[in-house]
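J.: Following this line is coords18.tsv, made up of TSV, N, CA and C atoms and all ligand atoms:
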chain	number	residue	atom	x	y	z
A	1	MET	N	30.27	-10.77	-137.80
A	1	MET	CA	31.52	-10.92	-137.07
A	1	MET	C	31.23	-10.91	-135.58
A	2	GLN	N	31.90	-11.77	-134.86
A	2	GLN	CA	31.72	-11.77	-133.40
A	2	GLN	C	33.04	-11.39	-132.74
A	3	VAL	N	32.94	-10.48	-131.79
A	3	VAL	CA	34.13	-10.09	-131.04
A	3	VAL	C	33.85	-10.29	-129.55
A	4	VAL	N	34.90	-10.58	-128.81
A	4	VAL	CA	34.80	-10.68	-127.36
A	4	VAL	C	35.77	-9.68	-126.77
A	5	LEU	N	35.23	-8.76	-125.98
A	5	LEU	CA	36.04	-7.73	-125.36
A	5	LEU	C	36.04	-7.93	-123.85
A	6	THR	N	37.16	-7.68	-123.23
A	6	THR	CA	37.22	-7.72	-121.77
A	6	THR	C	37.06	-6.30	-121.24
A	7	VAL	N	36.08	-6.12	-120.36
A	7	VAL	CA	35.74	-4.80	-119.84
A	7	VAL	C	35.84	-4.86	-118.31
A	8	PRO	N	36.97	-4.39	-117.77
A	8	PRO	CA	37.21	-4.52	-116.33
A	8	PRO	C	36.13	-3.87	-115.46
A	9	LYS	N	35.51	-2.79	-115.97
A	9	LYS	CA	34.52	-2.08	-115.15
A	9	LYS	C	33.13	-2.70	-115.20
A	10	LEU	N	32.98	-3.77	-115.95
A	10	LEU	CA	31.69	-4.45	-116.04
A	10	LEU	C	31.42	-5.19	-114.72
A	11	ALA	N	30.49	-4.63	-113.91
A	11	ALA	CA	30.32	-5.14	-112.55
A	11	ALA	C	28.95	-5.74	-112.26
A	12	CYS	N	27.93	-5.35	-113.00
A	12	CYS	CA	26.59	-5.82	-112.68
A	12	CYS	C	25.68	-5.73	-113.89
A	13	ALA	N	24.41	-6.12	-113.72
A	13	ALA	CA	23.47	-6.15	-114.84
A	13	ALA	C	23.21	-4.76	-115.39
A	14	ALA	N	23.27	-3.73	-114.54
A	14	ALA	CA	23.05	-2.36	-115.03
A	14	ALA	C	24.18	-1.94	-115.97
A	15	CYS	N	25.39	-2.38	-115.66
A	15	CYS	CA	26.53	-2.11	-116.56
A	15	CYS	C	26.27	-2.78	-117.91
A	16	VAL	N	25.78	-3.99	-117.87
A	16	VAL	CA	25.48	-4.70	-119.12
A	16	VAL	C	24.47	-3.91	-119.93
A	17	ASP	N	23.42	-3.41	-119.26
A	17	ASP	CA	22.39	-2.62	-119.97
A	17	ASP	C	23.01	-1.40	-120.64
A	18	THR	N	23.87	-0.70	-119.90
A	18	THR	CA	24.50	0.49	-120.46
A	18	THR	C	25.31	0.15	-121.70
A	19	ILE	N	26.03	-0.96	-121.62
A	19	ILE	CA	26.86	-1.40	-122.75
A	19	ILE	C	25.99	-1.80	-123.93
A	20	VAL	N	24.90	-2.49	-123.66
A	20	VAL	CA	23.98	-2.89	-124.74
A	20	VAL	C	23.46	-1.65	-125.46
A	21	GLN	N	23.03	-0.64	-124.67
A	21	GLN	CA	22.51	0.60	-125.28
A	21	GLN	C	23.57	1.27	-126.14
A	22	ALA	N	24.79	1.33	-125.63
A	22	ALA	CA	25.87	2.01	-126.36
A	22	ALA	C	26.14	1.31	-127.69
A	23	VAL	N	26.15	-0.01	-127.66
A	23	VAL	CA	26.42	-0.76	-128.90
A	23	VAL	C	25.26	-0.61	-129.87
A	24	ARG	N	24.03	-0.63	-129.35
A	24	ARG	CA	22.85	-0.54	-130.23
A	24	ARG	C	22.74	0.83	-130.89
A	25	GLN	N	23.29	1.85	-130.25
A	25	GLN	CA	23.31	3.17	-130.90
A	25	GLN	C	24.20	3.15	-132.13
A	26	LEU	N	25.24	2.36	-132.05
A	26	LEU	CA	26.17	2.22	-133.17
A	26	LEU	C	25.59	1.28	-134.22
A	27	ASP	N	25.02	0.19	-133.77
A	27	ASP	CA	24.48	-0.84	-134.67
A	27	ASP	C	23.22	-1.43	-134.05
A	28	PRO	N	22.05	-0.96	-134.51
A	28	PRO	CA	20.79	-1.43	-133.92
A	28	PRO	C	20.58	-2.94	-134.05
A	29	GLN	N	21.27	-3.56	-135.01
A	29	GLN	CA	21.10	-5.00	-135.22
A	29	GLN	C	22.03	-5.84	-134.33
A	30	ALA	N	22.91	-5.20	-133.62
A	30	ALA	CA	23.94	-5.94	-132.89
A	30	ALA	C	23.35	-6.83	-131.81
A	31	GLN	N	23.98	-7.97	-131.64
A	31	GLN	CA	23.65	-8.83	-130.51
A	31	GLN	C	24.75	-8.65	-129.47
A	32	VAL	N	24.34	-8.41	-128.24
A	32	VAL	CA	25.31	-8.09	-127.19
A	32	VAL	C	25.01	-8.92	-125.95
A	33	GLU	N	26.04	-9.57	-125.44
A	33	GLU	CA	25.90	-10.29	-124.17
A	33	GLU	C	27.07	-9.91	-123.29
A	34	GLY	N	26.78	-9.62	-122.03
A	34	GLY	CA	27.85	-9.30	-121.10
A	34	GLY	C	27.74	-10.16	-119.87
A	35	ASP	N	28.90	-10.52	-119.34
A	35	ASP	CA	28.92	-11.35	-118.13
A	35	ASP	C	29.77	-10.66	-117.06
A	36	PRO	N	29.11	-10.13	-116.01
A	36	PRO	CA	29.87	-9.43	-114.97
A	36	PRO	C	30.89	-10.33	-114.27
A	37	LYS	N	30.69	-11.64	-114.26
A	37	LYS	CA	31.64	-12.53	-113.58
A	37	LYS	C	32.95	-12.62	-114.33
A	38	THR	N	32.86	-12.77	-115.65
A	38	THR	CA	34.09	-12.93	-116.44
A	38	THR	C	34.59	-11.59	-116.99
A	39	LYS	N	33.76	-10.53	-116.88
A	39	LYS	CA	34.08	-9.20	-117.43
A	39	LYS	C	34.13	-9.23	-118.96
A	40	GLN	N	33.54	-10.22	-119.55
A	40	GLN	CA	33.60	-10.32	-121.00
A	40	GLN	C	32.29	-9.87	-121.64
A	41	VAL	N	32.45	-9.15	-122.74
A	41	VAL	CA	31.30	-8.71	-123.54
A	41	VAL	C	31.46	-9.34	-124.93
A	42	ARG	N	30.41	-10.07	-125.33
A	42	ARG	CA	30.43	-10.75	-126.63
A	42	ARG	C	29.47	-9.99	-127.55
A	43	ILE	N	29.99	-9.52	-128.64
A	43	ILE	CA	29.19	-8.70	-129.55
A	43	ILE	C	29.20	-9.32	-130.95
A	44	THR	N	28.02	-9.49	-131.51
A	44	THR	CA	27.91	-9.89	-132.91
A	44	THR	C	27.40	-8.67	-133.68
A	45	SER	N	28.24	-8.17	-134.60
A	45	SER	CA	27.95	-6.92	-135.29
A	45	SER	C	28.77	-6.85	-136.56
A	46	GLU	N	28.29	-6.03	-137.50
A	46	GLU	CA	29.07	-5.79	-138.71
A	46	GLU	C	30.09	-4.68	-138.49
A	47	ARG	N	29.98	-3.98	-137.38
A	47	ARG	CA	30.91	-2.88	-137.13
A	47	ARG	C	32.27	-3.44	-136.69
A	48	SER	N	33.31	-2.62	-136.91
A	48	SER	CA	34.66	-3.08	-136.59
A	48	SER	C	34.88	-3.11	-135.08
A	49	MET	N	35.85	-3.92	-134.69
A	49	MET	CA	36.20	-4.02	-133.28
A	49	MET	C	36.62	-2.64	-132.75
A	50	GLY	N	37.29	-1.85	-133.59
A	50	GLY	CA	37.71	-0.51	-133.16
A	50	GLY	C	36.52	0.38	-132.86
A	51	ASP	N	35.51	0.35	-133.75
A	51	ASP	CA	34.31	1.16	-133.53
A	51	ASP	C	33.58	0.71	-132.27
A	52	LEU	N	33.48	-0.59	-132.09
A	52	LEU	CA	32.77	-1.13	-130.92
A	52	LEU	C	33.49	-0.75	-129.64
A	53	GLY	N	34.82	-0.88	-129.67
A	53	GLY	CA	35.61	-0.53	-128.49
A	53	GLY	C	35.46	0.94	-128.14
A	54	GLN	N	35.40	1.77	-129.19
A	54	GLN	CA	35.25	3.21	-128.96
A	54	GLN	C	33.88	3.52	-128.35
A	55	ALA	N	32.84	2.84	-128.84
A	55	ALA	CA	31.50	3.05	-128.29
A	55	ALA	C	31.47	2.68	-126.80
A	56	LEU	N	32.13	1.58	-126.45
A	56	LEU	CA	32.16	1.18	-125.04
A	56	LEU	C	32.93	2.20	-124.21
A	57	ALA	N	34.05	2.66	-124.74
A	57	ALA	CA	34.86	3.63	-124.01
A	57	ALA	C	34.06	4.91	-123.75
A	58	GLN	N	33.30	5.35	-124.77
A	58	GLN	CA	32.51	6.57	-124.62
A	58	GLN	C	31.40	6.39	-123.59
A	59	ALA	N	30.94	5.16	-123.43
A	59	ALA	CA	29.89	4.89	-122.45
A	59	ALA	C	30.47	4.72	-121.04
A	60	GLY	N	31.80	4.80	-120.93
A	60	GLY	CA	32.44	4.69	-119.62
A	60	GLY	C	32.96	3.30	-119.30
A	61	TYR	N	32.98	2.43	-120.32
A	61	TYR	CA	33.44	1.05	-120.12
A	61	TYR	C	34.52	0.69	-121.14
A	62	PRO	N	35.68	1.29	-121.00
A	62	PRO	CA	36.74	1.00	-121.97
A	62	PRO	C	37.20	-0.47	-121.91
A	63	PRO	N	37.33	-1.11	-123.06
A	63	PRO	CA	37.84	-2.47	-123.07
A	63	PRO	C	39.31	-2.49	-122.66
A	64	ALA	N	39.73	-3.57	-122.02
A	64	ALA	CA	41.13	-3.69	-121.60
A	64	ALA	C	42.01	-3.97	-122.82
A	101	CU	CU	27.01	-2.15	-112.88
Translate the structure of the given file into structure tokens.
T.:
Amino acid sequence: MQVVLTVPKLACAACVDTIVQAVRQLDPQAQVEGDPKTKQVRITSERSMGDLGQALAQAGYPPA
């Protein structure tokens, strides 16, 4: 399943790294791409959108 989340606090490549780590803790197989320009994070994972959103929120990047 692929989800696209908008993360207003996504500002730079370091933010992307933090988000990637947070998602990989939940699902080591997940594919994660973030774009600071569009504030969008694209995640391919078997985990639910709710779980993914919660992982981002806990890392300090709550989805809008
Ligand atoms: Cu940043």
J.: Per residue of chain A within 5 Å of ligand CU 101 (chain A), what are the shortest atom pair and its distance in Å to one decimal, counting all atoms listed in the file, with rows by chain and residue number, as a tab-separated table?
T.:
residue	atom	partner	partner_atom	distance
A:Ala11	C	A:CU101	CU	4.1
A:Cys12	N	A:CU101	CU	3.3
A:Ala13	N	A:CU101	CU	4.8
A:Ala14	C	A:CU101	CU	4.2
A:Cys15	N	A:CU101	CU	3.2
J.: Between atom N of Gln54 (chain A) and CA of Val23 (chain A), what is the distance in Å, rounded to a tenth?
T.: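 One can read the atom N of Gln54 (chain A) to CA of Val23 (chain A) distance as 9.3 Å.
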J.: Need to verify the contact set: Pro62 (chain A), 12 Å, only C-alpha atoms, exclusion of same-chain residues closer than 4 positions in sequence. Can you return it as a list in words?
T.: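 That gives Leu5, Thr6, Val7, Pro8, Lys9, Leu10, Cys15, Ile19, Ala22, Lys39, Gln40, Val41, Gly50, Asp51, Leu52, Gly53, Gln54, Ala55, Leu56, Ala57 and Gln58 of chain A.
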J.: Keeping only N, CA and C atoms, write those residues as a PDB file, keeping the file's coordinate frame.
T.:
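Just written: selection34.pdb:
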ATOM      1  N   LEU A   5      35.230  -8.760-125.980  1.00  0.00           N
ATOM      2  CA  LEU A   5      36.040  -7.730-125.360  1.00  0.00           C
ATOM      3  C   LEU A   5      36.040  -7.930-123.850  1.00  0.00           C
ATOM      4  N   THR A   6      37.160  -7.680-123.230  1.00  0.00           N
ATOM      5  CA  THR A   6      37.220  -7.720-121.770  1.00  0.00           C
ATOM      6  C   THR A   6      37.060  -6.300-121.240  1.00  0.00           C
ATOM      7  N   VAL A   7      36.080  -6.120-120.360  1.00  0.00           N
ATOM      8  CA  VAL A   7      35.740  -4.800-119.840  1.00  0.00           C
ATOM      9  C   VAL A   7      35.840  -4.860-118.310  1.00  0.00           C
ATOM     10  N   PRO A   8      36.970  -4.390-117.770  1.00  0.00           N
ATOM     11  CA  PRO A   8      37.210  -4.520-116.330  1.00  0.00           C
ATOM     12  C   PRO A   8      36.130  -3.870-115.460  1.00  0.00           C
ATOM     13  N   LYS A   9      35.510  -2.790-115.970  1.00  0.00           N
ATOM     14  CA  LYS A   9      34.520  -2.080-115.150  1.00  0.00           C
ATOM     15  C   LYS A   9      33.130  -2.700-115.200  1.00  0.00           C
ATOM     16  N   LEU A  10      32.980  -3.770-115.950  1.00  0.00           N
ATOM     17  CA  LEU A  10      31.690  -4.450-116.040  1.00  0.00           C
ATOM     18  C   LEU A  10      31.420  -5.190-114.720  1.00  0.00           C
ATOM     19  N   CYS A  15      25.390  -2.380-115.660  1.00  0.00           N
ATOM     20  CA  CYS A  15      26.530  -2.110-116.560  1.00  0.00           C
ATOM     21  C   CYS A  15      26.270  -2.780-117.910  1.00  0.00           C
ATOM     22  N   ILE A  19      26.030  -0.960-121.620  1.00  0.00           N
ATOM     23  CA  ILE A  19      26.860  -1.400-122.750  1.00  0.00           C
ATOM     24  C   ILE A  19      25.990  -1.800-123.930  1.00  0.00           C
ATOM     25  N   ALA A  22      24.790   1.330-125.630  1.00  0.00           N
ATOM     26  CA  ALA A  22      25.870   2.010-126.360  1.00  0.00           C
ATOM     27  C   ALA A  22      26.140   1.310-127.690  1.00  0.00           C
ATOM     28  N   LYS A  39      33.760 -10.530-116.880  1.00  0.00           N
ATOM     29  CA  LYS A  39      34.080  -9.200-117.430  1.00  0.00           C
ATOM     30  C   LYS A  39      34.130  -9.230-118.960  1.00  0.00           C
ATOM     31  N   GLN A  40      33.540 -10.220-119.550  1.00  0.00           N
ATOM     32  CA  GLN A  40      33.600 -10.320-121.000  1.00  0.00           C
ATOM     33  C   GLN A  40      32.290  -9.870-121.640  1.00  0.00           C
ATOM     34  N   VAL A  41      32.450  -9.150-122.740  1.00  0.00           N
ATOM     35  CA  VAL A  41      31.300  -8.710-123.540  1.00  0.00           C
ATOM     36  C   VAL A  41      31.460  -9.340-124.930  1.00  0.00           C
ATOM     37  N   GLY A  50      37.290  -1.850-133.590  1.00  0.00           N
ATOM     38  CA  GLY A  50      37.710  -0.510-133.160  1.00  0.00           C
ATOM     39  C   GLY A  50      36.520   0.380-132.860  1.00  0.00           C
ATOM     40  N   ASP A  51      35.510   0.350-133.750  1.00  0.00           N
ATOM     41  CA  ASP A  51      34.310   1.160-133.530  1.00  0.00           C
ATOM     42  C   ASP A  51      33.580   0.710-132.270  1.00  0.00           C
ATOM     43  N   LEU A  52      33.480  -0.590-132.090  1.00  0.00           N
ATOM     44  CA  LEU A  52      32.770  -1.130-130.920  1.00  0.00           C
ATOM     45  C   LEU A  52      33.490  -0.750-129.640  1.00  0.00           C
ATOM     46  N   GLY A  53      34.820  -0.880-129.670  1.00  0.00           N
ATOM     47  CA  GLY A  53      35.610  -0.530-128.490  1.00  0.00           C
ATOM     48  C   GLY A  53      35.460   0.940-128.140  1.00  0.00           C
ATOM     49  N   GLN A  54      35.400   1.770-129.190  1.00  0.00           N
ATOM     50  CA  GLN A  54      35.250   3.210-128.960  1.00  0.00           C
ATOM     51  C   GLN A  54      33.880   3.520-128.350  1.00  0.00           C
ATOM     52  N   ALA A  55      32.840   2.840-128.840  1.00  0.00           N
ATOM     53  CA  ALA A  55      31.500   3.050-128.290  1.00  0.00           C
ATOM     54  C   ALA A  55      31.470   2.680-126.800  1.00  0.00           C
ATOM     55  N   LEU A  56      32.130   1.580-126.450  1.00  0.00           N
ATOM     56  CA  LEU A  56      32.160   1.180-125.040  1.00  0.00           C
ATOM     57  C   LEU A  56      32.930   2.200-124.210  1.00  0.00           C
ATOM     58  N   ALA A  57      34.050   2.660-124.740  1.00  0.00           N
ATOM     59  CA  ALA A  57      34.860   3.630-124.010  1.00  0.00           C
ATOM     60  C   ALA A  57      34.060   4.910-123.750  1.00  0.00           C
ATOM     61  N   GLN A  58      33.300   5.350-124.770  1.00  0.00           N
ATOM     62  CA  GLN A  58      32.510   6.570-124.620  1.00  0.00           C
ATOM     63  C   GLN A  58      31.400   6.390-123.590  1.00  0.00           C
TER      64      GLN A  58
END
J.: Please run DSSP on the backbone and report, as an NGL selection string, all residues within chain A that come out as helix (DSSP H, G or I).
T.: :A and (13-26 or 49-58)
J.: Here's a test: counting only C-alpha atoms, identify every protein, DNA and RNA residue with an atom at most 12 Å from (22.7, -10.6, -138.5) in the file's coordinate frame, and state them as a list in words.
T.: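 Residues with an atom close enough to that point: Met1, Gln2, Asp27, Pro28, Gln29, Ala30, Gln31, Val32, Ile43, Thr44, Ser45, Glu46 and Arg47 of chain A.
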J.: Provide region 25-36 of chain A rebuilt to all heavy atoms, formatted as a tab-separated table (two decimals), in the frame of the given file.
T.:
chain	number	residue	atom	x	y	z
A	25	GLN	N	23.29	1.85	-130.25
A	25	GLN	CA	23.31	3.17	-130.90
A	25	GLN	C	24.20	3.15	-132.13
A	25	GLN	O	23.95	3.83	-133.11
A	25	GLN	CB	23.81	4.24	-129.92
A	25	GLN	CG	22.69	4.71	-129.00
A	25	GLN	CD	23.11	5.88	-128.13
A	25	GLN	OE1	24.15	6.48	-128.34
A	25	GLN	NE2	22.31	6.18	-127.13
A	26	LEU	N	25.24	2.36	-132.05
A	26	LEU	CA	26.17	2.22	-133.17
A	26	LEU	C	25.59	1.28	-134.22
A	26	LEU	O	25.69	1.53	-135.42
A	26	LEU	CB	27.50	1.67	-132.63
A	26	LEU	CG	28.70	1.65	-133.55
A	26	LEU	CD1	29.16	3.06	-133.85
A	26	LEU	CD2	29.82	0.84	-132.90
A	27	ASP	N	25.02	0.19	-133.77
A	27	ASP	CA	24.48	-0.84	-134.67
A	27	ASP	C	23.22	-1.43	-134.05
A	27	ASP	O	23.30	-2.29	-133.18
A	27	ASP	CB	25.54	-1.92	-134.86
A	27	ASP	CG	25.02	-3.07	-135.71
A	27	ASP	OD1	23.87	-3.00	-136.21
A	27	ASP	OD2	25.75	-4.05	-135.87
A	28	PRO	N	22.05	-0.96	-134.51
A	28	PRO	CA	20.79	-1.43	-133.92
A	28	PRO	C	20.58	-2.94	-134.05
A	28	PRO	O	19.81	-3.52	-133.28
A	28	PRO	CB	19.72	-0.66	-134.71
A	28	PRO	CG	20.42	0.53	-135.26
A	28	PRO	CD	21.83	0.09	-135.50
A	29	GLN	N	21.27	-3.56	-135.01
A	29	GLN	CA	21.10	-5.00	-135.22
A	29	GLN	C	22.03	-5.84	-134.33
A	29	GLN	O	21.96	-7.07	-134.37
A	29	GLN	CB	21.44	-5.37	-136.68
A	29	GLN	CG	20.83	-4.47	-137.73
A	29	GLN	CD	19.33	-4.63	-137.83
A	29	GLN	OE1	18.79	-5.66	-137.44
A	29	GLN	NE2	18.66	-3.62	-138.32
A	30	ALA	N	22.91	-5.20	-133.62
A	30	ALA	CA	23.94	-5.94	-132.89
A	30	ALA	C	23.35	-6.83	-131.81
A	30	ALA	O	22.35	-6.49	-131.18
A	30	ALA	CB	24.92	-4.95	-132.26
A	31	GLN	N	23.98	-7.97	-131.64
A	31	GLN	CA	23.65	-8.83	-130.51
A	31	GLN	C	24.75	-8.65	-129.47
A	31	GLN	O	25.93	-8.73	-129.81
A	31	GLN	CB	23.58	-10.28	-130.94
A	31	GLN	CG	22.50	-10.47	-131.99
A	31	GLN	CD	22.04	-11.90	-132.08
A	31	GLN	OE1	22.37	-12.72	-131.24
A	31	GLN	NE2	21.28	-12.19	-133.11
A	32	VAL	N	24.34	-8.41	-128.24
A	32	VAL	CA	25.31	-8.09	-127.19
A	32	VAL	C	25.01	-8.92	-125.95
A	32	VAL	O	23.86	-8.96	-125.49
A	32	VAL	CB	25.23	-6.60	-126.80
A	32	VAL	CG1	26.38	-6.23	-125.88
A	32	VAL	CG2	25.23	-5.70	-128.03
A	33	GLU	N	26.04	-9.57	-125.44
A	33	GLU	CA	25.90	-10.29	-124.17
A	33	GLU	C	27.07	-9.91	-123.29
A	33	GLU	O	28.20	-9.88	-123.74
A	33	GLU	CB	25.99	-11.80	-124.39
A	33	GLU	CG	24.78	-12.44	-125.02
A	33	GLU	CD	25.10	-13.87	-125.44
A	33	GLU	OE1	25.72	-14.59	-124.64
A	33	GLU	OE2	24.76	-14.22	-126.56
A	34	GLY	N	26.78	-9.62	-122.03
A	34	GLY	CA	27.85	-9.30	-121.10
A	34	GLY	C	27.74	-10.16	-119.87
A	34	GLY	O	26.64	-10.49	-119.43
A	35	ASP	N	28.90	-10.52	-119.34
A	35	ASP	CA	28.92	-11.35	-118.13
A	35	ASP	C	29.77	-10.66	-117.06
A	35	ASP	O	30.99	-10.57	-117.20
A	35	ASP	CB	29.51	-12.72	-118.47
A	35	ASP	CG	29.47	-13.65	-117.27
A	35	ASP	OD1	29.29	-13.17	-116.11
A	35	ASP	OD2	29.61	-14.87	-117.46
A	36	PRO	N	29.11	-10.13	-116.01
A	36	PRO	CA	29.87	-9.43	-114.97
A	36	PRO	C	30.89	-10.33	-114.27
A	36	PRO	O	31.89	-9.82	-113.75
A	36	PRO	CB	28.79	-8.99	-113.97
A	36	PRO	CG	27.51	-8.99	-114.77
A	36	PRO	CD	27.66	-10.09	-115.78
